[in-house]
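Note sheet for the following structure.
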Amino acid sequence: MAFHKKEEFGKKEQELAEIAKALSHPARIAILKVLAQKSECICGEIVDVLPLAQSTVSQHLKELKNAGLIEGTLDGPRSCYCINWKAFERFTADMASLFTSLKAKHERACNC
C-alpha cells in the first residue's frame with residue numbers, strides 16, 4: 001500500500017501544490033476564462049461553450065471549487081459559479097515569492 005507523504009511538507013507548499021494541481025487541466029483553464037468574462041455563470045452556460053459533457057464540466061468545477069479557486073451557489077437545480085479573486089491574488093503572490101526564492105538560490109548555486 002502506498003503512503004502519501006504530503007504531510008511531511010509545509011502548509012504553504014501543500015497549498016501551492018493543490019492549486020497548481022487544480023489548474024493543471026486545460027478544461028479548467030477554459031472554465032476560468034469563461035467565468036472571468038462574466039460576474040457569475042450558470043453551469044449550463046459553461047457546458048454550452050466547451051466541448052465537454054455536462055457531467056465532465058461539473059467534475060472540473062468541483063475540482064476548482066475544492067481548491068478554493070471558484071465559489072458556487074445552488075439555486076434549485078441550477079449551480080451558479082464565480083471566480084474567487086482573493087484566492088487567485090494569494091496564489092499569485094505565493095508563486096511570485098516562490099519563484100523569487102528559487103531564483104535567488106539558483107544564483108548562489110552552481111551554474112548548470
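By order of appearance in the C-alpha cells: chains A, B, ..., then residues from 1 within every chain, and ligands from 1 in the order shown.
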
Which of chain A end up as alpha helix (DSSP H) when DSSP is run on this backbone - answer as a VMD selection string?
chain A and resid 11 to 22 26 to 36 43 to 49 54 to 66 85 to 108

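Backbone DSSP over chain A gives strand (DSSP E) for Cys41, Ile42, Ile70, Glu71, Gly72, Thr73, Leu74, Asp75, Arg78, Ser79, Cys80, Tyr81, Cys82 and Ile83 of chain A.
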
Would you mind listing what lies within 7 Å of region 78-82 of chain A as a compact mmCIF listing (two decimals) with N, CA and C atoms, in the first residue's frame, with only C-alpha atoms counted and same-chain residues fewer than 2 positions away left out?
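And here is the file that came out, out-v5.txt:
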# COMPACT_ATOMS: atom_id res chain seq x y z
N LEU A 35 -15.59 32.02 -16.86
CA LEU A 35 -16.04 32.69 -15.65
C LEU A 35 -15.50 34.12 -15.55
N SER A 39 -19.63 38.08 -14.37
CA SER A 39 -19.54 38.19 -12.92
C SER A 39 -19.95 36.88 -12.25
N GLU A 40 -20.82 36.13 -12.92
CA GLU A 40 -21.20 34.80 -12.46
C GLU A 40 -21.69 34.00 -13.66
N CYS A 41 -21.71 32.71 -13.53
CA CYS A 41 -22.07 31.87 -14.67
C CYS A 41 -22.77 30.61 -14.18
N ILE A 42 -23.80 30.24 -14.89
CA ILE A 42 -24.53 29.01 -14.61
C ILE A 42 -23.80 27.85 -15.28
N CYS A 43 -23.75 26.72 -14.63
CA CYS A 43 -23.04 25.55 -15.16
C CYS A 43 -23.45 25.25 -16.60
N ILE A 70 -12.82 28.84 -7.18
CA ILE A 70 -14.14 29.37 -7.55
C ILE A 70 -15.08 29.17 -6.38
N GLU A 71 -16.16 29.92 -6.42
CA GLU A 71 -17.21 29.79 -5.42
C GLU A 71 -18.48 29.44 -6.17
N GLY A 72 -19.35 28.71 -5.53
CA GLY A 72 -20.58 28.32 -6.19
C GLY A 72 -21.76 28.32 -5.24
N THR A 73 -22.92 28.58 -5.81
CA THR A 73 -24.15 28.53 -5.05
C THR A 73 -25.16 27.69 -5.81
N LEU A 74 -26.03 27.04 -5.08
CA LEU A 74 -27.10 26.25 -5.68
C LEU A 74 -28.39 27.05 -5.62
N ASP A 75 -29.08 27.12 -6.75
CA ASP A 75 -30.37 27.79 -6.83
C ASP A 75 -31.33 26.79 -7.46
N GLY A 76 -31.88 25.92 -6.62
CA GLY A 76 -32.70 24.83 -7.14
C GLY A 76 -31.82 23.88 -7.92
N ASN A 84 -13.06 33.13 -7.36
CA ASN A 84 -12.66 33.63 -6.05
C ASN A 84 -11.36 34.42 -6.25
